[in-house]
Amino acid sequence: MAQRPQNVTRGKATRGRGLTITRTQPGASQAGSSNPNDVEFAPVGYTKKVIRRASKEELISVAKAMHDDKFGERVQELFAPEKNAAIRALETGVYVSWRCPEFTWDCIRVDETRLCFCGHRLSQHKEFTGDIGTREVPCCFKGCKCKGYAFIPSRPEEVGEFWHRRRPGFDPNTFRINCKTCKHSHEDHDLTNIHKCRKAGCKCSSFVSMSVCAACDKHWGDHETYFESERTRARNGLPVGEAHLPFAEMPNLRNAVLTGDEGNEAGYNQLAKYHNPNLRK
């Protein structure tokens, strides 16, 4: 890998060691980048092609091509836990979700089978209601020192690492998020404060997730777990009811999540009637 030349001046294009380096001024827009301090490398004499994010429609077309006639079935399987969480929220009025505090949308909807940082499922924690802090949902598993449920992804797809399932002998039940510093699992780290590693001889002082959230590209520590009522979510501009379903804004994908068939709206119509009494007439 070529090293960065030393003659780089902010705001100017400079040349060195066969590369052209451009650094934008703070606040200036740069195609394909949201970071004003990004540095771009390109061989001298070559033009660059702007790389943009694919649209949702383009990604769906690619996914369909990859999975052929099993697309709907695969989508249903992939989002089954989130579907179950959304339906449970419709039934109880209590929404459990995982997101960054500044977001008005959820990265992951959490159902009772999902793991906590302590390694135990939500169902193994104290029974909960809406509008409470995670400290009010301690683990009930004998001997566990967890004082509050903190969701952590436990499926490779949730951190964009789809390739794990293609590995021979891969057991999805054993997948865990590792620490970027020491490479040990979150279950090897302390449950209090900054989560110091407990492995013998390890000097890691805090847990920093190696993987990032597939929904927002941020680390585990940037997220929080929420237990909310429908009223609170509505007041804060968060989706409630059938709008809380995965891909609620994309009917075909929403139907695939619910029934495995993009064209089958029966599942959605039933849920919509359950949540909206006016539709039951």
# chains A, B, ... in the order shown; residues from 1 in each chain; ligands from 1
>>> residues_around(residues="Glu249 in chain A", least_positions_apart="6", cutoff="12 Å", atoms="only C-alpha atoms", output="NGL selection string")
:A and (56 or 239 or 242-243 or 255)
>>> write_last_selection(atoms="all heavy atoms", output="PDB file, in the first residue's frame")
ATOM      1  N   LYS A  56     -32.679   1.599  -2.749  1.00  0.00           N
ATOM      2  CA  LYS A  56     -33.350   0.419  -2.220  1.00  0.00           C
ATOM      3  C   LYS A  56     -33.825  -0.486  -3.345  1.00  0.00           C
ATOM      4  O   LYS A  56     -33.725  -1.715  -3.273  1.00  0.00           O
ATOM      5  CB  LYS A  56     -34.529   0.836  -1.340  1.00  0.00           C
ATOM      6  CG  LYS A  56     -34.135   1.492  -0.031  1.00  0.00           C
ATOM      7  CD  LYS A  56     -35.353   1.847   0.790  1.00  0.00           C
ATOM      8  CE  LYS A  56     -34.970   2.485   2.111  1.00  0.00           C
ATOM      9  NZ  LYS A  56     -36.158   2.848   2.914  1.00  0.00           N
ATOM     10  N   PRO A 239     -42.097   5.195  14.744  1.00  0.00           N
ATOM     11  CA  PRO A 239     -43.214   4.423  14.184  1.00  0.00           C
ATOM     12  C   PRO A 239     -43.890   3.523  15.211  1.00  0.00           C
ATOM     13  O   PRO A 239     -43.221   2.920  16.059  1.00  0.00           O
ATOM     14  CB  PRO A 239     -42.548   3.598  13.073  1.00  0.00           C
ATOM     15  CG  PRO A 239     -41.102   3.549  13.440  1.00  0.00           C
ATOM     16  CD  PRO A 239     -40.814   4.842  14.121  1.00  0.00           C
ATOM     17  N   GLU A 242     -48.730  -0.932  12.904  1.00  0.00           N
ATOM     18  CA  GLU A 242     -48.243  -1.649  11.729  1.00  0.00           C
ATOM     19  C   GLU A 242     -47.092  -0.914  11.038  1.00  0.00           C
ATOM     20  O   GLU A 242     -46.323  -1.511  10.277  1.00  0.00           O
ATOM     21  CB  GLU A 242     -49.375  -1.887  10.727  1.00  0.00           C
ATOM     22  CG  GLU A 242     -50.029  -0.635  10.170  1.00  0.00           C
ATOM     23  CD  GLU A 242     -51.180  -0.149  11.023  1.00  0.00           C
ATOM     24  OE1 GLU A 242     -51.289  -0.567  12.207  1.00  0.00           O
ATOM     25  OE2 GLU A 242     -51.980   0.656  10.516  1.00  0.00           O
ATOM     26  N   ALA A 243     -46.933   0.374  11.338  1.00  0.00           N
ATOM     27  CA  ALA A 243     -45.803   1.127  10.779  1.00  0.00           C
ATOM     28  C   ALA A 243     -44.477   0.691  11.398  1.00  0.00           C
ATOM     29  O   ALA A 243     -43.409   1.024  10.891  1.00  0.00           O
ATOM     30  CB  ALA A 243     -46.009   2.626  11.005  1.00  0.00           C
ATOM     31  N   ASN A 255     -44.683  -7.598   2.870  1.00  0.00           N
ATOM     32  CA  ASN A 255     -45.462  -8.819   2.685  1.00  0.00           C
ATOM     33  C   ASN A 255     -44.574 -10.057   2.719  1.00  0.00           C
ATOM     34  O   ASN A 255     -44.962 -11.101   3.263  1.00  0.00           O
ATOM     35  CB  ASN A 255     -46.217  -8.767   1.356  1.00  0.00           C
ATOM     36  CG  ASN A 255     -47.277  -7.686   1.331  1.00  0.00           C
ATOM     37  OD1 ASN A 255     -47.730  -7.226   2.380  1.00  0.00           O
ATOM     38  ND2 ASN A 255     -47.665  -7.253   0.145  1.00  0.00           N
TER      39      ASN A 255
END
>>> residues_around(residues="Cys139 in chain A", least_positions_apart="6", cutoff="7 Å", atoms="only C-alpha atoms", output="ChimeraX atom specification")
/A:124-126,146-149
>>> closest_atom_pairs(of="range 126-238 of chain A", to="range 86-102 of chain A", cutoff="8 Å", atoms="only C-alpha atoms", output="JSON lines")
{"residue": "A:Thr129", "atom": "CA", "partner": "A:Val94", "partner_atom": "CA", "distance": 6.3}
{"residue": "A:Gly130", "atom": "CA", "partner": "A:Val94", "partner_atom": "CA", "distance": 5.0}
{"residue": "A:Phe151", "atom": "CA", "partner": "A:Trp98", "partner_atom": "CA", "distance": 6.9}
{"residue": "A:Asp222", "atom": "CA", "partner": "A:Cys100", "partner_atom": "CA", "distance": 5.9}
{"residue": "A:His223", "atom": "CA", "partner": "A:Cys100", "partner_atom": "CA", "distance": 4.2}
{"residue": "A:Glu224", "atom": "CA", "partner": "A:Trp98", "partner_atom": "CA", "distance": 5.7}
{"residue": "A:Thr225", "atom": "CA", "partner": "A:Trp98", "partner_atom": "CA", "distance": 4.6}
{"residue": "A:Tyr226", "atom": "CA", "partner": "A:Ser97", "partner_atom": "CA", "distance": 5.3}
{"residue": "A:Phe227", "atom": "CA", "partner": "A:Val96", "partner_atom": "CA", "distance": 4.7}
{"residue": "A:Glu228", "atom": "CA", "partner": "A:Tyr95", "partner_atom": "CA", "distance": 5.1}
{"residue": "A:Ser229", "atom": "CA", "partner": "A:Val94", "partner_atom": "CA", "distance": 4.9}
{"residue": "A:Glu230", "atom": "CA", "partner": "A:Gly93", "partner_atom": "CA", "distance": 5.6}
>>> select_by_dssp(residues="range 24-271 of chain A", states="alpha helix (DSSP H)", output="PyMOL selection string")
chain A and resi 56-67+71-78+80-92+230-235+251-259+266-271
>>> residues_around(residues="range 73-78 of chain A", least_positions_apart="6", cutoff="9 Å", atoms="only C-alpha atoms", output="list in words")
His67, Glu157, Leu253, Asn255, Ala256, Val257, Leu258, Thr259, Gly260 and Asp261 of chain A
>>> write_last_selection(atoms="C-alpha atoms", output="PDB file, in the first residue's frame")
ATOM      1  CA  HIS A  67     -31.900 -15.859  -4.359  1.00  0.00           C
ATOM      2  CA  GLU A 157     -26.676 -10.468   9.064  1.00  0.00           C
ATOM      3  CA  LEU A 253     -40.878  -6.513   1.156  1.00  0.00           C
ATOM      4  CA  ASN A 255     -45.462  -8.819   2.685  1.00  0.00           C
ATOM      5  CA  ALA A 256     -42.443 -11.075   2.143  1.00  0.00           C
ATOM      6  CA  VAL A 257     -41.451 -10.619   5.788  1.00  0.00           C
ATOM      7  CA  LEU A 258     -44.939 -11.528   6.996  1.00  0.00           C
ATOM      8  CA  THR A 259     -45.869 -14.357   4.616  1.00  0.00           C
ATOM      9  CA  GLY A 260     -42.870 -15.173   2.411  1.00  0.00           C
ATOM     10  CA  ASP A 261     -44.841 -13.938  -0.605  1.00  0.00           C
TER      11      ASP A 261
END
>>> atom_distance(atom1="CA of Ile108 in chain A", atom2="CA of Ala272 in chain A")
21.0 Å
>>> residues_around(residues="Lys203 in chain A", least_positions_apart="3", cutoff="12 Å", atoms="only C-alpha atoms", output="number ranges by chain")
A: 181-184, 189, 195-200, 206-207
>>> write_last_selection(atoms="N, CA and C atoms", output="compact mmCIF listing (two decimals), in the first residue's frame")
# COMPACT_ATOMS: atom_id res chain seq x y z
N THR A 181 -10.48 -4.42 20.17
CA THR A 181 -9.17 -4.28 20.80
C THR A 181 -8.50 -5.61 21.07
N CYS A 182 -9.25 -6.53 21.70
CA CYS A 182 -8.64 -7.79 22.14
C CYS A 182 -9.12 -9.02 21.39
N LYS A 183 -10.15 -8.85 20.54
CA LYS A 183 -10.70 -9.93 19.71
C LYS A 183 -11.48 -10.97 20.52
N HIS A 184 -11.72 -10.71 21.80
CA HIS A 184 -12.50 -11.64 22.61
C HIS A 184 -13.99 -11.28 22.54
N HIS A 189 -16.23 -10.14 28.54
CA HIS A 189 -16.02 -8.82 29.14
C HIS A 189 -16.92 -8.61 30.35
N HIS A 195 -16.83 -2.30 30.68
CA HIS A 195 -16.73 -3.68 30.20
C HIS A 195 -15.28 -4.13 29.95
N LYS A 196 -14.49 -4.11 30.99
CA LYS A 196 -13.11 -4.59 30.92
C LYS A 196 -13.08 -6.08 30.62
N CYS A 197 -12.11 -6.52 29.81
CA CYS A 197 -12.02 -7.94 29.46
C CYS A 197 -11.61 -8.77 30.67
N ARG A 198 -12.26 -9.92 30.81
CA ARG A 198 -12.00 -10.80 31.94
C ARG A 198 -11.07 -11.97 31.61
N LYS A 199 -10.65 -12.07 30.36
CA LYS A 199 -9.76 -13.15 29.96
C LYS A 199 -8.41 -13.01 30.67
N ALA A 200 -7.90 -14.14 31.17
CA ALA A 200 -6.64 -14.13 31.89
C ALA A 200 -5.52 -13.55 31.02
N SER A 206 -11.67 -1.91 27.86
CA SER A 206 -13.07 -1.63 27.54
C SER A 206 -13.48 -2.36 26.27
N PHE A 207 -14.77 -2.62 26.15
CA PHE A 207 -15.29 -3.33 24.98
C PHE A 207 -15.65 -2.34 23.88
>>> closest_residue(among="A:Ser211, A:Thr192, A:Ser185, A:Ser205", to="Pro156 in chain A", atoms="only C-alpha atoms")
A:Ser211
>>> residues_around(residues="range 161-173 of chain A", least_positions_apart="5", cutoff="12 Å", atoms="only C-alpha atoms", output="NGL selection string")
:A and (78 or 113-115 or 119 or 153-156 or 210-214)
>>> select_by_dssp(residues="range 68-246 of chain A", states="strand (DSSP E)", output="VMD selection string")
chain A and resid 94 to 99 108 to 109 224 to 229
>>> write_last_selection(atoms="all heavy atoms", output="short mmCIF file (atom, residue, chain, number, x, y, z; two decimals), in the first residue's frame")
data_model
loop_
_atom_site.label_atom_id
_atom_site.label_comp_id
_atom_site.auth_asym_id
_atom_site.auth_seq_id
_atom_site.Cartn_x
_atom_site.Cartn_y
_atom_site.Cartn_z
N VAL A 94 -46.04 -2.53 24.24
CA VAL A 94 -44.69 -2.29 24.74
C VAL A 94 -43.69 -2.57 23.61
O VAL A 94 -43.66 -3.67 23.06
CB VAL A 94 -44.36 -3.19 25.95
CG1 VAL A 94 -42.93 -2.93 26.42
CG2 VAL A 94 -45.35 -2.94 27.08
N TYR A 95 -42.90 -1.57 23.27
CA TYR A 95 -41.95 -1.67 22.16
C TYR A 95 -40.54 -1.78 22.71
O TYR A 95 -40.09 -0.91 23.46
CB TYR A 95 -42.06 -0.44 21.27
CG TYR A 95 -43.37 -0.31 20.53
CD1 TYR A 95 -44.56 0.01 21.20
CD2 TYR A 95 -43.44 -0.51 19.15
CE1 TYR A 95 -45.76 0.13 20.53
CE2 TYR A 95 -44.65 -0.38 18.47
CZ TYR A 95 -45.79 -0.07 19.17
OH TYR A 95 -46.98 0.04 18.49
N VAL A 96 -39.85 -2.85 22.33
CA VAL A 96 -38.45 -3.02 22.72
C VAL A 96 -37.61 -2.88 21.46
O VAL A 96 -37.81 -3.61 20.48
CB VAL A 96 -38.20 -4.39 23.37
CG1 VAL A 96 -36.77 -4.47 23.91
CG2 VAL A 96 -39.21 -4.66 24.48
N SER A 97 -36.68 -1.94 21.48
CA SER A 97 -35.90 -1.68 20.27
C SER A 97 -34.48 -1.27 20.62
O SER A 97 -34.16 -0.94 21.76
CB SER A 97 -36.58 -0.60 19.43
OG SER A 97 -36.72 0.59 20.19
N TRP A 98 -33.65 -1.25 19.58
CA TRP A 98 -32.23 -0.91 19.71
C TRP A 98 -31.88 0.11 18.65
O TRP A 98 -32.11 -0.12 17.46
CB TRP A 98 -31.42 -2.18 19.52
CG TRP A 98 -29.94 -2.09 19.76
CD1 TRP A 98 -29.31 -1.87 20.95
CD2 TRP A 98 -28.90 -2.27 18.79
NE1 TRP A 98 -27.95 -1.89 20.78
CE2 TRP A 98 -27.67 -2.15 19.46
CE3 TRP A 98 -28.89 -2.55 17.42
CZ2 TRP A 98 -26.44 -2.28 18.81
CZ3 TRP A 98 -27.68 -2.67 16.77
CH2 TRP A 98 -26.46 -2.53 17.45
N ARG A 99 -31.36 1.25 19.06
CA ARG A 99 -31.03 2.32 18.11
C ARG A 99 -30.09 3.32 18.77
O ARG A 99 -29.85 3.27 19.98
CB ARG A 99 -32.31 3.05 17.67
CG ARG A 99 -33.02 3.80 18.79
CD ARG A 99 -34.24 4.56 18.31
NE ARG A 99 -34.89 5.31 19.37
CZ ARG A 99 -35.84 4.83 20.17
NH1 ARG A 99 -36.27 3.57 20.00
NH2 ARG A 99 -36.37 5.58 21.12
N ILE A 108 -32.89 -2.17 15.14
CA ILE A 108 -33.37 -3.55 15.29
C ILE A 108 -34.53 -3.57 16.27
O ILE A 108 -34.48 -2.95 17.35
CB ILE A 108 -32.25 -4.49 15.79
CG1 ILE A 108 -31.15 -4.62 14.72
CG2 ILE A 108 -32.80 -5.88 16.13
CD1 ILE A 108 -29.99 -5.51 15.11
N ARG A 109 -35.59 -4.29 15.92
CA ARG A 109 -36.71 -4.54 16.82
C ARG A 109 -36.35 -5.79 17.62
O ARG A 109 -35.95 -6.79 17.04
CB ARG A 109 -38.00 -4.76 16.02
CG ARG A 109 -38.35 -3.58 15.11
CD ARG A 109 -39.21 -4.03 13.94
NE ARG A 109 -39.40 -2.97 12.95
CZ ARG A 109 -38.51 -2.65 12.01
NH1 ARG A 109 -37.36 -3.32 11.93
NH2 ARG A 109 -38.76 -1.67 11.16
N GLU A 224 -28.41 2.24 22.14
CA GLU A 224 -29.05 1.98 23.43
C GLU A 224 -30.27 1.10 23.21
O GLU A 224 -30.85 1.08 22.12
CB GLU A 224 -29.46 3.28 24.13
CG GLU A 224 -28.28 4.13 24.59
CD GLU A 224 -28.73 5.36 25.37
OE1 GLU A 224 -29.92 5.41 25.77
OE2 GLU A 224 -27.89 6.25 25.56
N THR A 225 -30.66 0.38 24.27
CA THR A 225 -31.86 -0.45 24.23
C THR A 225 -33.00 0.35 24.87
O THR A 225 -32.81 0.96 25.93
CB THR A 225 -31.65 -1.76 24.99
OG1 THR A 225 -30.50 -2.43 24.45
CG2 THR A 225 -32.87 -2.67 24.86
N TYR A 226 -34.18 0.30 24.25
CA TYR A 226 -35.31 1.08 24.75
C TYR A 226 -36.52 0.19 25.02
O TYR A 226 -36.83 -0.71 24.24
CB TYR A 226 -35.70 2.15 23.72
CG TYR A 226 -34.66 3.24 23.54
CD1 TYR A 226 -33.62 3.08 22.62
CD2 TYR A 226 -34.72 4.41 24.29
CE1 TYR A 226 -32.66 4.08 22.46
CE2 TYR A 226 -33.76 5.41 24.12
CZ TYR A 226 -32.73 5.24 23.22
OH TYR A 226 -31.79 6.21 23.06
N PHE A 227 -37.19 0.48 26.11
CA PHE A 227 -38.47 -0.13 26.45
C PHE A 227 -39.48 1.02 26.48
O PHE A 227 -39.46 1.84 27.40
CB PHE A 227 -38.41 -0.82 27.82
CG PHE A 227 -37.45 -1.97 27.88
CD1 PHE A 227 -36.10 -1.77 28.12
CD2 PHE A 227 -37.91 -3.27 27.70
CE1 PHE A 227 -35.22 -2.83 28.17
CE2 PHE A 227 -37.03 -4.35 27.75
CZ PHE A 227 -35.68 -4.13 27.98
N GLU A 228 -40.38 1.07 25.50
CA GLU A 228 -41.24 2.24 25.34
C GLU A 228 -42.71 1.86 25.16
O GLU A 228 -43.03 0.80 24.61
CB GLU A 228 -40.80 3.06 24.12
CG GLU A 228 -39.36 3.56 24.19
CD GLU A 228 -38.85 4.02 22.85
OE1 GLU A 228 -38.84 3.21 21.90
OE2 GLU A 228 -38.45 5.20 22.74
N SER A 229 -43.58 2.76 25.58
CA SER A 229 -45.00 2.60 25.31
C SER A 229 -45.31 3.19 23.94
O SER A 229 -44.53 3.97 23.39
CB SER A 229 -45.83 3.32 26.38
OG SER A 229 -45.65 4.72 26.27
#
>>> closest_residue(among="A:Arg254, A:Glu112, A:Gly241, A:Arg235", to="Lys273 in chain A", atoms="only C-alpha atoms")
A:Gly241
>>> closest_residue(among="A:Cys116, A:Val240, A:Ala80, A:Ile152", to="Val137 in chain A", atoms="only C-alpha atoms")
A:Cys116
>>> atom_distance(atom1="CA of Asp111 in chain A", atom2="CA of Asn84 in chain A")
6.4 Å
>>> atom_distance(atom1="CA of Phe79 in chain A", atom2="CA of His120 in chain A")
20.5 Å
